[in-house]
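Data from work_15.cif: mmCIF, C-alpha atoms
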```cif
data_target
#
loop_
_atom_site.group_PDB
_atom_site.id
_atom_site.type_symbol
_atom_site.label_atom_id
_atom_site.label_comp_id
_atom_site.auth_asym_id
_atom_site.auth_seq_id
_atom_site.Cartn_x
_atom_site.Cartn_y
_atom_site.Cartn_z
ATOM 1 C CA MET A 10 0.000 0.000 0.000
ATOM 2 C CA ALA A 11 1.405 3.380 -1.006
ATOM 3 C CA SER A 12 1.097 6.546 1.017
ATOM 4 C CA VAL A 13 -0.324 9.811 -0.249
ATOM 5 C CA THR A 14 3.036 11.450 0.407
ATOM 6 C CA GLU A 15 4.885 8.917 -1.767
ATOM 7 C CA VAL A 16 2.426 9.156 -4.652
ATOM 8 C CA VAL A 17 2.290 12.953 -4.535
ATOM 9 C CA GLU A 18 6.090 13.246 -4.444
ATOM 10 C CA PHE A 19 6.366 10.900 -7.434
ATOM 11 C CA ALA A 20 3.608 12.664 -9.417
ATOM 12 C CA ASP A 21 4.992 16.136 -8.641
ATOM 13 C CA SER A 22 8.414 15.072 -9.899
ATOM 14 C CA TYR A 23 7.241 13.011 -12.881
ATOM 15 C CA LEU A 24 4.855 15.718 -14.105
ATOM 16 C CA ARG A 25 7.263 18.559 -13.173
ATOM 17 C CA ILE A 26 4.497 20.339 -11.248
ATOM 18 C CA GLY A 27 6.849 22.977 -9.820
ATOM 19 C CA GLU A 28 8.462 23.789 -13.177
ATOM 20 C CA ILE A 29 5.495 24.286 -15.492
ATOM 21 C CA GLU A 30 3.566 27.519 -15.182
ATOM 22 C CA ASP A 31 -0.185 27.290 -15.442
ATOM 23 C CA TRP A 32 -3.262 29.346 -14.828
ATOM 24 C CA PRO A 33 -3.243 30.072 -11.063
ATOM 25 C CA ASN A 34 -6.688 28.521 -10.489
ATOM 26 C CA ALA A 35 -5.480 25.218 -11.941
ATOM 27 C CA LEU A 36 -3.872 24.506 -8.551
ATOM 28 C CA ASN A 37 -1.691 21.681 -9.845
ATOM 29 C CA GLY A 38 -0.737 19.026 -7.331
ATOM 30 C CA LEU A 39 -2.523 17.780 -4.246
ATOM 31 C CA GLN A 40 -5.836 19.588 -3.775
ATOM 32 C CA ILE A 41 -7.401 17.405 -1.088
ATOM 33 C CA GLU A 42 -5.499 15.151 1.259
ATOM 34 C CA ASN A 43 -6.967 11.918 2.576
ATOM 35 C CA SER A 44 -6.085 9.790 5.622
ATOM 36 C CA GLY A 45 -2.765 8.941 4.020
ATOM 37 C CA ARG A 46 -3.351 5.500 2.554
ATOM 38 C CA ILE A 47 -3.742 4.690 -1.119
ATOM 39 C CA THR A 48 -5.026 1.337 -2.265
ATOM 40 C CA LYS A 49 -6.748 2.272 -5.528
ATOM 41 C CA ILE A 50 -5.996 5.096 -7.966
ATOM 42 C CA GLY A 51 -8.464 6.515 -10.480
ATOM 43 C CA ALA A 52 -8.247 9.162 -13.187
ATOM 44 C CA ALA A 53 -10.778 11.509 -14.759
ATOM 45 C CA VAL A 54 -10.946 14.719 -16.757
ATOM 46 C CA ASP A 55 -12.956 16.782 -14.263
ATOM 47 C CA ALA A 56 -13.424 16.720 -10.491
ATOM 48 C CA SER A 57 -17.196 16.913 -10.745
ATOM 49 C CA THR A 58 -19.714 15.659 -8.202
ATOM 50 C CA HIS A 59 -20.512 12.792 -10.564
ATOM 51 C CA THR A 60 -16.818 11.865 -10.895
ATOM 52 C CA LEU A 61 -16.284 11.926 -7.142
ATOM 53 C CA ARG A 62 -19.418 9.851 -6.577
ATOM 54 C CA MET A 63 -18.179 7.249 -9.090
ATOM 55 C CA ALA A 64 -14.756 7.219 -7.412
ATOM 56 C CA ALA A 65 -16.383 6.658 -4.016
ATOM 57 C CA GLU A 66 -18.534 3.816 -5.386
ATOM 58 C CA ARG A 67 -15.385 2.162 -6.756
ATOM 59 C CA ASN A 68 -13.422 2.620 -3.496
ATOM 60 C CA ILE A 69 -10.860 4.882 -5.180
ATOM 61 C CA ASP A 70 -8.858 6.724 -2.569
ATOM 62 C CA PHE A 71 -6.571 8.747 -4.888
ATOM 63 C CA LEU A 72 -8.136 10.535 -7.845
ATOM 64 C CA LEU A 73 -5.988 12.210 -10.505
ATOM 65 C CA VAL A 74 -7.887 14.804 -12.536
ATOM 66 C CA HIS A 75 -7.021 17.157 -15.367
ATOM 67 C CA HIS A 76 -9.374 19.918 -14.178
ATOM 68 C CA GLY A 77 -9.456 20.233 -10.405
ATOM 69 C CA LEU A 78 -12.002 21.737 -8.065
ATOM 70 C CA PHE A 79 -10.841 25.335 -8.015
ATOM 71 C CA TRP A 80 -11.126 26.546 -11.631
ATOM 72 C CA PRO A 81 -13.560 29.355 -10.720
ATOM 73 C CA GLY A 82 -11.101 30.744 -8.150
ATOM 74 C CA LEU A 83 -12.071 31.728 -4.641
ATOM 75 C CA GLN A 84 -15.693 30.961 -3.961
ATOM 76 C CA PRO A 85 -17.947 30.180 -1.032
ATOM 77 C CA VAL A 86 -18.026 26.546 0.038
ATOM 78 C CA ALA A 87 -21.652 26.106 -0.977
ATOM 79 C CA GLY A 88 -23.640 24.319 -3.646
ATOM 80 C CA SER A 89 -21.656 21.962 -5.855
ATOM 81 C CA LEU A 90 -18.288 22.802 -4.237
ATOM 82 C CA TYR A 91 -19.729 21.907 -0.831
ATOM 83 C CA ARG A 92 -21.079 18.604 -2.183
ATOM 84 C CA GLN A 93 -17.765 17.781 -3.864
ATOM 85 C CA LEU A 94 -15.661 18.525 -0.787
ATOM 86 C CA LYS A 95 -18.074 16.661 1.488
ATOM 87 C CA LEU A 96 -18.071 13.606 -0.769
ATOM 88 C CA ALA A 97 -14.273 13.547 -1.081
ATOM 89 C CA LEU A 98 -13.731 13.967 2.649
ATOM 90 C CA GLU A 99 -16.387 11.449 3.727
ATOM 91 C CA SER A 100 -15.090 8.919 1.178
ATOM 92 C CA ASP A 101 -11.432 9.525 2.103
ATOM 93 C CA ILE A 102 -10.510 10.453 -1.478
ATOM 94 C CA ALA A 103 -7.293 12.364 -2.058
ATOM 95 C CA LEU A 104 -7.615 14.633 -5.105
ATOM 96 C CA TYR A 105 -4.646 15.516 -7.312
ATOM 97 C CA GLY A 106 -4.936 17.934 -10.222
ATOM 98 C CA ALA A 107 -2.577 18.189 -13.184
ATOM 99 C CA HIS A 108 -3.511 20.552 -15.998
ATOM 100 C CA LEU A 109 -0.723 21.919 -18.222
ATOM 101 C CA PRO A 110 1.915 19.651 -16.669
ATOM 102 C CA LEU A 111 -0.148 16.715 -17.906
ATOM 103 C CA ASP A 112 -0.875 18.317 -21.287
ATOM 104 C CA LEU A 113 2.831 18.896 -21.890
ATOM 105 C CA HIS A 114 4.318 15.646 -20.581
ATOM 106 C CA ALA A 115 6.480 13.970 -23.254
ATOM 107 C CA VAL A 116 5.394 10.412 -22.409
ATOM 108 C CA VAL A 117 1.906 10.437 -20.864
ATOM 109 C CA GLY A 118 0.752 13.900 -21.896
ATOM 110 C CA ASN A 119 -2.586 14.474 -23.563
ATOM 111 C CA ASN A 120 -0.949 16.176 -26.533
ATOM 112 C CA VAL A 121 1.616 13.450 -27.275
ATOM 113 C CA LEU A 122 -0.931 10.656 -26.867
ATOM 114 C CA LEU A 123 -3.366 12.434 -29.172
ATOM 115 C CA ALA A 124 -0.618 13.038 -31.732
ATOM 116 C CA ARG A 125 0.408 9.374 -31.622
ATOM 117 C CA SER A 126 -3.194 8.304 -31.951
ATOM 118 C CA SER A 127 -3.804 10.619 -34.919
ATOM 119 C CA ALA A 128 -0.535 9.603 -36.592
ATOM 120 C CA GLY A 129 -1.445 5.955 -36.166
ATOM 121 C CA ARG A 130 -4.853 6.491 -37.765
ATOM 122 C CA ARG A 131 -3.298 8.393 -40.688
ATOM 123 C CA GLN A 132 -0.829 5.557 -41.283
ATOM 124 C CA LEU A 133 -3.669 3.042 -41.220
ATOM 125 C CA LEU A 134 -5.722 5.124 -43.674
ATOM 126 C CA CYS A 135 -2.718 5.450 -46.012
ATOM 127 C CA ARG A 136 -2.186 1.684 -45.989
ATOM 128 C CA GLU A 137 -5.857 1.030 -46.668
ATOM 129 C CA THR A 138 -5.940 3.343 -49.689
ATOM 130 C CA ASN A 139 -2.699 2.045 -51.255
#
```

Output the file's structure as structure tokens, nothing else.
Amino acid sequence: MASVTEVVEFADSYLRIGEIEDWPNALNGLQIENSGRITKIGAAVDASTHTLRMAAERNIDFLLVHHGLFWPGLQPVAGSLYRQLKLALESDIALYGAHLPLDLHAVVGNNVLLARSSAGRRQLLCRETN
């Protein structure tokens, strides 16, 4: 079983969280801490109420998201933000956000994976037409 500290240190280093500038509200890195244990990791695009509910149902205790909870900036803890925080805390889900550091990563980044996927499809189409 990994600890939150170990996973966060690895992710921060691997994704170069401290080196890549981003929009301030992206809040890259750990956004919500849990009790410290990690047994199951999940990933999603957005930290929505629906995403957090699905993570809780699947016993995920570390959720990596592309768009974290704080995109709108400072806001009252009410409405959907209240529900999201309550669900994460009650379900002991640590939340980790990675926006531009994930987009730009040379191995697992959204951009490189999309480029590889598109290049692969183009090669397949070229072979089919020849």

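The space separating atom CA of Ile50 of chain A from atom CA of Ala103 of chain A comes to 9.5 Å.
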
Requested in this report: Would you write out, as a PyMOL selection string, every residue that the PyMOL selection byres ((chain A and resi 39-48) around 7) captures in this file?
Outcome: chain A and resi 10-13+17+37-38+49-50+70-71+101-106

Could you take the residues named above and write them with C-alpha atoms, as a PDB file, in the frame of the given file?
```
ATOM      1  CA  MET A  10       0.000   0.000   0.000  1.00  0.00           C
ATOM      2  CA  ALA A  11       1.405   3.380  -1.006  1.00  0.00           C
ATOM      3  CA  SER A  12       1.097   6.546   1.017  1.00  0.00           C
ATOM      4  CA  VAL A  13      -0.324   9.811  -0.249  1.00  0.00           C
ATOM      5  CA  VAL A  17       2.290  12.953  -4.535  1.00  0.00           C
ATOM      6  CA  ASN A  37      -1.691  21.681  -9.845  1.00  0.00           C
ATOM      7  CA  GLY A  38      -0.737  19.026  -7.331  1.00  0.00           C
ATOM      8  CA  LYS A  49      -6.748   2.272  -5.528  1.00  0.00           C
ATOM      9  CA  ILE A  50      -5.996   5.096  -7.966  1.00  0.00           C
ATOM     10  CA  ASP A  70      -8.858   6.724  -2.569  1.00  0.00           C
ATOM     11  CA  PHE A  71      -6.571   8.747  -4.888  1.00  0.00           C
ATOM     12  CA  ASP A 101     -11.432   9.525   2.103  1.00  0.00           C
ATOM     13  CA  ILE A 102     -10.510  10.453  -1.478  1.00  0.00           C
ATOM     14  CA  ALA A 103      -7.293  12.364  -2.058  1.00  0.00           C
ATOM     15  CA  LEU A 104      -7.615  14.633  -5.105  1.00  0.00           C
ATOM     16  CA  TYR A 105      -4.646  15.516  -7.312  1.00  0.00           C
ATOM     17  CA  GLY A 106      -4.936  17.934 -10.222  1.00  0.00           C
TER      18      GLY A 106
END
```

Can you build me a table of segment 28-105 of chain A residues sitting at most 12 Å from segment 113-120 of chain A, with the closest atom pair per residue and its distance in Å to one decimal, using all atoms listed in the file, sorted by chain and residue number, as CSV?
```
residue,atom,partner,partner_atom,distance
A:Glu28,CA,A:Leu113,CA,11.5
A:Ile29,CA,A:Leu113,CA,8.8
A:Glu30,CA,A:Leu113,CA,10.9
A:Asp31,CA,A:Leu113,CA,11.0
A:Val54,CA,A:Asn119,CA,10.8
A:His75,CA,A:Asn119,CA,9.7
```

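The coordinates place atom CA of Glu66 of chain A at 10.8 Å from atom CA of Leu96 of chain A.
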
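Closest approach to His76 of chain A among A:Val16, A:Leu61, A:Ala124, A:Leu36: A:Leu36, based on only C-alpha atoms.
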
Query - Residue members of the PyMOL selection byres ((chain A and resi 57) around 10) in the file shown, as a list in words - result: Ala53, Val54, Asp55, Ala56, Thr58, His59, Thr60, Leu61, Arg62, Met63, Val74, His76, Gly77, Leu78, Ser89, Leu90, Arg92 and Gln93 of chain A

Report summary line: The distance between atom CA of Tyr23 of chain A and atom CA of Pro110 of chain A is 9.3 Å
